[in-house]
$ cat upload05.txt   # compact mmCIF, C-alpha atoms
# COMPACT_ATOMS: atom_id res chain seq x y z
CA MET E 287 0.00 0.00 0.00
CA VAL E 288 1.39 3.40 -0.98
CA ARG E 289 1.00 6.03 1.70
CA SER E 290 1.24 9.77 1.25
CA PHE E 291 4.07 11.77 2.77
CA ARG E 292 1.63 14.62 3.35
CA PRO E 293 0.96 13.72 7.04
CA VAL E 294 4.71 13.80 7.71
CA LEU E 295 4.95 17.27 6.17
CA HIS E 296 2.37 18.50 8.66
CA GLN E 297 4.37 17.47 11.73
CA SER E 298 5.84 20.37 13.72
CA TRP E 299 9.19 18.60 13.92
CA PHE E 300 9.56 17.98 10.19
CA LEU E 301 11.06 21.26 8.99
CA PRO E 302 13.51 21.72 11.88
CA VAL E 303 14.72 18.13 11.45
CA LEU E 304 15.03 18.64 7.69
CA LEU E 305 17.11 21.80 8.16
CA VAL E 306 19.38 20.04 10.67
CA ALA E 307 19.77 17.06 8.31
CA ILE E 308 20.67 19.36 5.42
CA ALA E 309 23.20 21.11 7.66
CA GLY E 310 24.66 17.78 8.71
CA ALA E 311 25.13 16.70 5.12
CA GLY E 312 26.66 20.08 4.32
CA SER E 313 28.97 19.89 7.33
CA TRP E 314 30.19 16.52 6.20
CA LYS E 315 30.83 17.73 2.65
CA PHE E 316 32.11 21.27 3.28
CA ALA E 317 33.68 20.85 6.75
CA CYS E 318 34.79 24.27 7.99
CA ILE E 319 32.62 26.42 5.75
CA THR E 320 29.14 25.51 6.90
CA PRO E 321 26.83 28.38 5.84
CA PHE E 322 25.52 29.25 9.28
CA VAL E 323 24.11 32.59 8.13
CA ALA E 324 21.97 30.84 5.53
CA PHE E 325 20.50 28.62 8.24
CA ALA E 326 20.22 31.60 10.61
CA VAL E 327 17.98 33.37 8.07
CA ALA E 328 16.12 30.37 6.64
CA ALA E 329 15.08 29.04 10.05
CA PRO E 330 13.23 32.20 11.20
CA TYR E 331 11.87 32.62 7.68
CA ALA E 332 10.12 29.27 7.93
CA LEU E 333 9.63 28.72 11.66
CA PRO E 334 8.43 30.59 14.73
CA PRO E 335 11.32 32.55 16.33
CA ARG E 336 11.85 30.25 19.32
CA THR E 337 11.80 27.11 17.17
CA ALA E 338 14.15 28.84 14.73
CA LEU E 339 16.69 29.55 17.47
CA PHE E 340 16.55 25.95 18.69
CA THR E 341 16.96 24.77 15.10
CA VAL E 342 20.04 26.95 14.56
CA ALA E 343 21.48 25.66 17.84
CA ALA E 344 20.87 22.09 16.63
CA VAL E 345 22.51 22.92 13.29
CA TRP E 346 25.57 24.16 15.18
CA LEU E 347 25.61 21.13 17.50
CA VAL E 348 25.41 18.67 14.60
CA ASN E 349 28.15 20.59 12.77
CA GLN E 350 30.42 20.44 15.81
CA GLY E 351 29.69 16.76 16.38
CA ILE E 352 30.55 15.91 12.80
CA GLY E 353 33.64 18.10 12.94
CA PHE E 354 35.08 16.69 16.13
CA GLU E 355 33.92 13.08 15.88
CA ILE E 356 34.03 12.34 12.15
CA LEU E 357 36.25 14.92 10.46
CA GLY E 358 38.88 14.87 13.20
CA TYR E 359 38.92 18.48 14.40
CA PRO E 360 41.64 18.69 17.05
CA TRP E 361 40.44 18.61 20.65
CA THR E 362 42.27 21.79 21.65
CA ILE E 363 41.06 24.71 23.73
CA ASP E 364 41.40 27.04 20.72
CA THR E 365 39.30 24.79 18.49
CA MET E 366 36.63 24.39 21.13
CA LEU E 367 36.53 28.15 21.79
CA TRP E 368 36.21 28.80 18.06
CA GLY E 369 33.32 26.35 18.00
CA ILE E 370 31.60 28.23 20.81
CA ALA E 371 32.22 31.55 19.03
CA ILE E 372 30.69 30.16 15.84
CA GLY E 373 27.64 28.94 17.74
CA ALA E 374 27.17 32.26 19.53
CA ALA E 375 27.57 34.20 16.28
CA ALA E 376 25.09 31.93 14.50
CA LEU E 377 22.51 32.36 17.27
CA ALA E 378 23.00 36.13 17.25
CA ALA E 379 22.55 36.15 13.47
CA ALA E 380 19.36 34.09 13.82
CA GLY E 381 18.02 36.50 16.44
CA VAL E 382 18.69 39.49 14.20
CA ALA E 383 17.17 37.72 11.18
CA ALA E 384 14.05 36.82 13.18
CA ALA E 385 13.66 40.43 14.30
CA VAL E 386 14.03 41.76 10.75
CA LEU E 387 11.61 39.19 9.35
CA GLN E 388 9.00 40.34 11.89
CA LEU E 389 9.16 43.98 10.70
CA GLY E 390 6.25 43.53 8.33
CA VAL E 391 7.97 43.51 4.95
CA ARG E 392 5.37 41.98 2.61
CA ASN E 393 7.62 40.93 -0.25
CA ARG E 394 9.35 37.65 0.66
CA ILE E 395 12.42 38.31 -1.47
CA THR E 396 12.89 41.74 0.10
CA ALA E 397 12.30 40.31 3.58
CA VAL E 398 14.92 37.60 3.10
CA GLY E 399 17.42 40.08 1.67
CA ALA E 400 16.72 42.54 4.47
CA ALA E 401 17.34 39.78 7.02
CA PHE E 402 20.45 38.39 5.31
CA VAL E 403 22.51 41.58 5.33
CA PRO E 404 22.45 42.33 9.08
CA ALA E 405 22.59 38.62 9.97
CA PHE E 406 25.75 38.25 7.89
CA ALA E 407 27.24 41.39 9.44
CA ILE E 408 26.47 40.18 12.98
CA TYR E 409 27.88 36.72 12.26
CA GLN E 410 31.09 37.96 10.66
CA GLY E 411 31.48 40.70 13.26
CA GLY E 412 31.16 38.16 16.05
CA LEU E 413 33.79 35.94 14.48
CA LEU E 414 36.10 38.91 13.88
CA LEU E 415 35.81 39.82 17.57
CA ALA E 416 36.63 36.22 18.47
CA GLY E 417 39.61 36.48 16.12
CA PHE E 418 41.09 39.22 18.32
CA ALA E 419 41.13 36.82 21.27
CA LEU E 420 41.79 33.53 19.48
CA GLY E 421 43.85 34.60 16.48
CA GLY E 422 42.86 34.29 12.86
CA ARG E 423 42.03 37.91 12.05
CA ASP E 424 44.02 37.48 8.83
CA ASP E 425 41.19 35.30 7.51
CA PHE E 426 38.87 38.30 7.32
CA THR E 427 40.12 39.74 4.06
CA PRO E 428 37.55 41.23 1.67
CA ALA E 429 38.10 38.33 -0.75
CA ILE E 430 37.50 35.65 1.88
CA VAL E 431 34.52 37.44 3.45
CA GLY E 432 33.09 37.94 -0.05
CA GLN E 433 33.41 34.22 -0.80
CA VAL E 434 31.75 33.36 2.51
CA ALA E 435 28.92 35.83 1.74
CA LEU E 436 28.39 34.31 -1.70
CA LEU E 437 28.40 30.78 -0.29
CA ASN E 438 25.84 31.75 2.37
CA PHE E 439 23.67 33.57 -0.15
CA VAL E 440 23.57 30.61 -2.54
CA TRP E 441 22.74 28.25 0.33
CA LEU E 442 20.07 30.67 1.51
CA LEU E 443 18.45 30.61 -1.91
CA GLY E 444 18.41 26.80 -1.80
CA LEU E 445 17.04 26.65 1.74
CA VAL E 446 14.34 29.25 1.14
CA GLY E 447 13.48 27.51 -2.14
CA THR E 448 13.10 24.24 -0.25
CA CYS E 449 10.92 25.94 2.34
CA GLU E 450 8.74 27.43 -0.40
CA ILE E 451 8.34 24.05 -2.06
CA LEU E 452 7.28 22.59 1.28
CA ARG E 453 4.97 25.55 1.88
CA CYS E 454 3.31 24.87 -1.44
CA ALA E 455 2.98 21.25 -0.38
CA GLY E 456 1.15 22.43 2.74
CA ALA E 457 3.88 21.79 5.29
CA PHE E 458 3.70 25.10 7.13
CA ILE E 459 0.61 24.37 9.15
CA THR E 460 2.88 24.43 12.21
CA ARG E 461 3.06 28.23 12.02
CA ARG E 462 -0.69 28.56 12.31
CA ARG E 463 -0.90 25.97 15.11
CA SER E 464 1.78 27.69 17.17
CA GLY E 465 0.09 31.06 17.01
CA PHE E 466 2.97 32.56 15.05
CA SER E 467 1.81 35.35 12.80
CA PRO E 468 4.24 35.79 9.92
CA SER E 469 5.08 39.21 8.57
CA PHE E 470 3.98 38.15 5.12
CA PRO E 471 1.07 35.98 4.01
CA ILE E 472 1.73 32.29 3.66

$ encode --input "upload05.txt" --output "structure tokens"
Amino acid sequence: MVRSFRPVLHQSWFLPVLLVAIAGAGSWKFACITPFVAFAVAAPYALPPRTALFTVAAVWLVNQGIGFEILGYPWTIDTMLWGIAIGAAALAAAGVAAAVLQLGVRNRITAVGAAFVPAFAIYQGGLLLAGFALGGRDDFTPAIVGQVALLNFVWLLGLVGTCEILRCAGAFITRRRSGFSPSFPI
């Protein structure tokens, strides 16, 4: 008997788990350049703010687990502190993105763009500050930051596209159930 996947799409856990799974696959493939800003914007775009923050934290946790346990990141104080800095910067970026997405911008493309810019600035700024304490400020050249921005933007397009496909499939009922009122019509 063939069953529909539609009931699974309606579960409140489905989208957060999907985003974490995508991040895990990306962490495995791209190691140190996981696009945390893309997840920090896509999560509050598609989920209520609190769920979005938990999802970004789970994305970070899965990334760190894969890094340390599978990819062999060294178990040094510096590496662990950088991991914490990345997690804090990603959560700050998600918080900023959630706030911007709640401003009432009706056009989804504009809303995502408006959330991406400050989220990226907060994320990179947080890592630059960590670089003063932990070393690595030389990695913040315009060329490298530009490549990281492009990577995050491309991932964001893919993640938002995935969310829109799921929305069209009727998966975003969780927003209405949770009482979350999006800034733009679903």

$ residues_around --input "upload05.txt" --residues "Ala376 of chain E" --least-positions-apart "2" --cutoff "6 Å" --atoms "only C-alpha atoms" --output "ChimeraX atom specification"
/E:322,373-374,378-379,409

$ residues_around --input "upload05.txt" --residues "Leu436 of chain E" --least-positions-apart "3" --cutoff "12 Å" --atoms "only C-alpha atoms" --output "MDAnalysis selection string"
chainID E and resid 319 321 323:324 402:403 406 428:433 439:443

$ atom_distance --input "upload05.txt" --atom1 "atom CA of Val446 of chain E" --atom2 "atom CA of Gly412 of chain E"
24.2 Å

$ atom_distance --input "upload05.txt" --atom1 "atom CA of Leu305 of chain E" --atom2 "atom CA of Ala329 of chain E"
7.8 Å

$ residues_around --input "upload05.txt" --residues "Ala344 of chain E" --least-positions-apart "5" --cutoff "9 Å" --atoms "all atoms listed in the file" --output "list in words"
Pro302, Val303, Val306, Leu339 and Asn349 of chain E

$ decode --input "upload05.txt" --residues "segment 383-397 of chain E" --atoms "N, CA and C atoms" --output "CSV table (one decimal), in the first residue's frame"
chain,number,residue,atom,x,y,z
E,383,ALA,N,18.0,38.1,12.3
E,383,ALA,CA,17.2,37.7,11.2
E,383,ALA,C,15.7,37.6,11.6
E,384,ALA,N,15.4,37.0,12.7
E,384,ALA,CA,14.0,36.8,13.2
E,384,ALA,C,13.4,38.2,13.4
E,385,ALA,N,14.2,39.1,14.0
E,385,ALA,CA,13.7,40.4,14.3
E,385,ALA,C,13.4,41.2,13.0
E,386,VAL,N,14.2,41.1,12.0
E,386,VAL,CA,14.0,41.8,10.7
E,386,VAL,C,12.8,41.2,10.0
E,387,LEU,N,12.7,39.8,10.0
E,387,LEU,CA,11.6,39.2,9.3
E,387,LEU,C,10.3,39.5,10.0
E,388,GLN,N,10.3,40.0,11.2
E,388,GLN,CA,9.0,40.3,11.9
E,388,GLN,C,8.6,41.8,11.7
E,389,LEU,N,9.4,42.5,10.9
E,389,LEU,CA,9.2,44.0,10.7
E,389,LEU,C,7.9,44.3,9.8
E,390,GLY,N,7.4,43.3,9.1
E,390,GLY,CA,6.2,43.5,8.3
E,390,GLY,C,6.5,43.7,6.8
E,391,VAL,N,7.7,43.4,6.4
E,391,VAL,CA,8.0,43.5,4.9
E,391,VAL,C,7.1,42.5,4.2
E,392,ARG,N,6.3,42.9,3.3
E,392,ARG,CA,5.4,42.0,2.6
E,392,ARG,C,6.0,41.1,1.5
E,393,ASN,N,7.0,41.7,0.8
E,393,ASN,CA,7.6,40.9,-0.2
E,393,ASN,C,8.6,40.0,0.3
E,394,ARG,N,8.5,38.7,0.1
E,394,ARG,CA,9.3,37.7,0.7
E,394,ARG,C,10.8,37.8,0.2
E,395,ILE,N,11.0,38.1,-1.0
E,395,ILE,CA,12.4,38.3,-1.5
E,395,ILE,C,13.1,39.5,-0.7
E,396,THR,N,12.4,40.6,-0.6
E,396,THR,CA,12.9,41.7,0.1
E,396,THR,C,13.1,41.4,1.6
E,397,ALA,N,12.2,40.7,2.2
E,397,ALA,CA,12.3,40.3,3.6
E,397,ALA,C,13.5,39.4,3.8
